[in-house]
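One structure is given below, encoded as structure tokens.
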Amino acid sequence: MSLTGKHVLSSDLFDREELERLFALADLLTPVARGRQVARVLEGAVMASLFFEASTRTRLSCESAFLRLGGGVISSTGAEIMSIAKGESLADTSRVVSGYCDLVVMRHPEEAAVHEFAAATHVPVINGGNGAGEHPTQALLDMFTLHQEFARFGRGLDGRRLALVGDLRHGRTVHSLMKLVTLYEDLTIVCVAPEPLGMPVGLLELAESRGHRIELSDRPETGLKDADLVYATRLQTERFADRPLPYSDEFRVDRALVSRVCREDAVIMHPLPRDSRPGSNDLATDLNQDPRLAIFRQTDAGIPMRMALFASVLGAAEAVPGALRPAGWYRPDYTGPDDAPFYRNAAL
Ligand code: ASP
């Protein structure tokens, strides 16, 4: 399968072979993502980022990834500053913007909008999050992170026990992730959520149809036990018509819970942002020194993975190996203050 020229609207697009090809390309591009090498395979190309909903990581990491490949970026955030506010249809906006660029990354609060937008253009459109629907580039970087984290312990993804925790109903990242992890074999997937926030039935059925075991739990204390991966998520307050009930404090994934129930070699991930306000009961900051917490390795992995995707969608993946050369500017050895001990001790 070739990704060249394709819209990336859902994780449905990928099979295991394609994922592993993207991992290999993302590995090759990691020194470029870290500012150690240069690979200008998209020199002259232009990406448009259109974000009709709040974003930090997706927009900035997509833009950074495109710029690191030598491309240029134009961007617009918020419907209120675009002609949509003057009554323009999404289809017209799509046709117009597509004339200005070679690839569009778009986020929109309505699930259907990205499909409507993509139907009006042959320029590849990448879904940067559509309402409570999907977030395929997040799932790609999550898979790349998992692949790297398990590889440190000499393990693969097949046969693992994965616990997905939190607002599994509205969390689009876990929807896309379910479609990708289930491309692997023999998994036990534990969906840990208060009942009204459970994983959509269609995704549970998909997992079962691919031969995996599903367990449902509304108690993190038992649901996280023995998991190889704990994937926590934020309560998607913006998707509720009325004020949502916060998670009970049982759902706070913190040092005390992790030390009571998690494996020594568990991997703890979260798509971020984590809600750090008092009473939010999200992933706690008291885990920041715990080497199992992979959230910043996960955000870092977003750059090479998105570079790999853009290079593939624009048909430039094969040019990458020949384009790599050393970078000529200063970069610190480790990005964050907590990174050095991890990388020094990790069997990388
Ligand atoms: N950043 C992710 C998203 O846009 C997760 C979240 O917002 O909770 O879906």
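We label chains A, B, ... in the order they appear in the structure tokens, count residues from 1 in each chain, and number ligands from 1 in the order shown.
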Name the residues of region 187-286 of chain A that fall into strand (DSSP E or B) according to DSSP on the backbone, using the chain letters and numbers of this document, as a list in words. Thr188, Ile189, Val190, Cys191, Val192, Arg213, Ile214, Glu215, Leu216, Ser217, Leu229, Val230, Tyr231, Ala232, Val253, Val267, Ile268, Met269 and Leu283 of chain A
Let me see if you get this right: every residue at most 6 Å from ligand 1, counting only C-alpha atoms and all ligand atoms, written as a PDB file with N, CA, C and O atoms, in the first residue's frame.
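What follows is the written file part-v1.pdb:
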```pdb
ATOM      1  N   GLY A 129      -7.800  15.729  14.611  1.00  0.00           N
ATOM      2  CA  GLY A 129      -8.765  15.583  15.702  1.00  0.00           C
ATOM      3  C   GLY A 129     -10.122  16.102  15.260  1.00  0.00           C
ATOM      4  O   GLY A 129     -10.248  17.284  14.951  1.00  0.00           O
ATOM      5  N   ARG A 172     -10.989  10.904  21.722  1.00  0.00           N
ATOM      6  CA  ARG A 172     -10.763  10.473  20.329  1.00  0.00           C
ATOM      7  C   ARG A 172      -9.425   9.742  20.170  1.00  0.00           C
ATOM      8  O   ARG A 172      -9.262   8.919  19.285  1.00  0.00           O
ATOM      9  N   THR A 173      -8.470  10.050  21.064  1.00  0.00           N
ATOM     10  CA  THR A 173      -7.164   9.400  20.898  1.00  0.00           C
ATOM     11  C   THR A 173      -7.274   7.892  21.134  1.00  0.00           C
ATOM     12  O   THR A 173      -6.658   7.110  20.421  1.00  0.00           O
ATOM     13  N   ARG A 234      -7.762  12.338  29.706  1.00  0.00           N
ATOM     14  CA  ARG A 234      -8.413  13.472  30.380  1.00  0.00           C
ATOM     15  C   ARG A 234      -9.929  13.376  30.205  1.00  0.00           C
ATOM     16  O   ARG A 234     -10.401  12.915  29.153  1.00  0.00           O
ATOM     17  N   PRO A 271      -2.219  11.136  26.318  1.00  0.00           N
ATOM     18  CA  PRO A 271      -2.037  11.956  25.108  1.00  0.00           C
ATOM     19  C   PRO A 271      -1.749  13.414  25.431  1.00  0.00           C
ATOM     20  O   PRO A 271      -1.268  14.152  24.570  1.00  0.00           O
ATOM     21  N   LEU A 272      -2.044  13.834  26.666  1.00  0.00           N
ATOM     22  CA  LEU A 272      -1.914  15.215  27.125  1.00  0.00           C
ATOM     23  C   LEU A 272      -2.870  16.115  26.331  1.00  0.00           C
ATOM     24  O   LEU A 272      -3.226  15.772  25.230  1.00  0.00           O
ATOM     25  N   PRO A 273      -3.330  17.229  26.864  1.00  0.00           N
ATOM     26  CA  PRO A 273      -2.931  17.767  28.154  1.00  0.00           C
ATOM     27  C   PRO A 273      -3.532  16.975  29.313  1.00  0.00           C
ATOM     28  O   PRO A 273      -4.634  16.459  29.190  1.00  0.00           O
TER      29      PRO A 273
END
```
Can you tell me, as a list in words, what residues are no more than 10 Å from Arg160 (chain A) when counting only C-alpha atoms, ignoring any on the same chain fewer than 5 positions away?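 Near Arg160 (chain A), the qualifying residues are Phe150, Arg155, Tyr184, Glu185, Asp186, Leu187, Thr188, Ile189, Asp226, Ala227, Asp228 and Leu229 of chain A.
Selecting alpha helix (DSSP H) from the backbone DSSP output for region 130-189 of chain A yields Pro136, Thr137, Gln138, Ala139, Leu140, Leu141, Asp142, Met143, Phe144, Thr145, Leu146, His147, Gln148, Glu149, Phe150, Ala151, Arg152, Arg172, Thr173, Val174, His175, Ser176, Leu177, Met178, Lys179, Leu180 and Val181 of chain A.
Using only C-alpha atoms, the protein and nucleic acid residues lying no more than 9 Å from Arg331 (chain A), apart from those fewer than 6 places from it along its own chain, are Arg34, Gly35 and Arg36 of chain A.
Atom to atom, CA of Val8 (chain A) and CA of Asp275 (chain A) stand 28.3 Å apart.
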Find the residues near Ala118 (chain A): any atom within 8 Å, counting only C-alpha atoms, skip ones fewer than 6 places away on the same chain, and give them as number ranges by chain. A: 7, 94, 124-125
Restricting it to all heavy atoms, dump the selection as a PDB file, in the first residue's frame.
```
ATOM      1  N   HIS A   7      -5.720  10.984   1.809  1.00  0.00           N
ATOM      2  CA  HIS A   7      -6.208  11.683   2.997  1.00  0.00           C
ATOM      3  C   HIS A   7      -5.986  10.750   4.188  1.00  0.00           C
ATOM      4  O   HIS A   7      -6.164   9.536   4.064  1.00  0.00           O
ATOM      5  CB  HIS A   7      -7.718  11.934   2.911  1.00  0.00           C
ATOM      6  CG  HIS A   7      -8.122  12.884   1.823  1.00  0.00           C
ATOM      7  ND1 HIS A   7      -7.506  14.096   1.617  1.00  0.00           N
ATOM      8  CD2 HIS A   7      -9.125  12.817   0.892  1.00  0.00           C
ATOM      9  CE1 HIS A   7      -8.099  14.726   0.615  1.00  0.00           C
ATOM     10  NE2 HIS A   7      -9.069  13.972   0.148  1.00  0.00           N
ATOM     11  N   SER A  94     -12.198  24.699   1.768  1.00  0.00           N
ATOM     12  CA  SER A  94     -11.287  23.621   1.425  1.00  0.00           C
ATOM     13  C   SER A  94     -10.687  23.834   0.035  1.00  0.00           C
ATOM     14  O   SER A  94      -9.469  23.755  -0.157  1.00  0.00           O
ATOM     15  CB  SER A  94     -12.055  22.293   1.468  1.00  0.00           C
ATOM     16  OG  SER A  94     -11.281  21.266   0.916  1.00  0.00           O
ATOM     17  N   PRO A 124      -3.899  16.196  -0.015  1.00  0.00           N
ATOM     18  CA  PRO A 124      -4.086  15.348   1.171  1.00  0.00           C
ATOM     19  C   PRO A 124      -4.483  16.136   2.421  1.00  0.00           C
ATOM     20  O   PRO A 124      -3.887  17.163   2.723  1.00  0.00           O
ATOM     21  CB  PRO A 124      -2.714  14.695   1.372  1.00  0.00           C
ATOM     22  CG  PRO A 124      -2.032  14.805   0.056  1.00  0.00           C
ATOM     23  CD  PRO A 124      -2.569  16.029  -0.622  1.00  0.00           C
ATOM     24  N   VAL A 125      -5.501  15.625   3.091  1.00  0.00           N
ATOM     25  CA  VAL A 125      -5.975  16.233   4.340  1.00  0.00           C
ATOM     26  C   VAL A 125      -5.684  15.266   5.483  1.00  0.00           C
ATOM     27  O   VAL A 125      -6.012  14.078   5.407  1.00  0.00           O
ATOM     28  CB  VAL A 125      -7.501  16.510   4.276  1.00  0.00           C
ATOM     29  CG1 VAL A 125      -8.016  17.043   5.619  1.00  0.00           C
ATOM     30  CG2 VAL A 125      -7.807  17.501   3.150  1.00  0.00           C
TER      31      VAL A 125
END
```
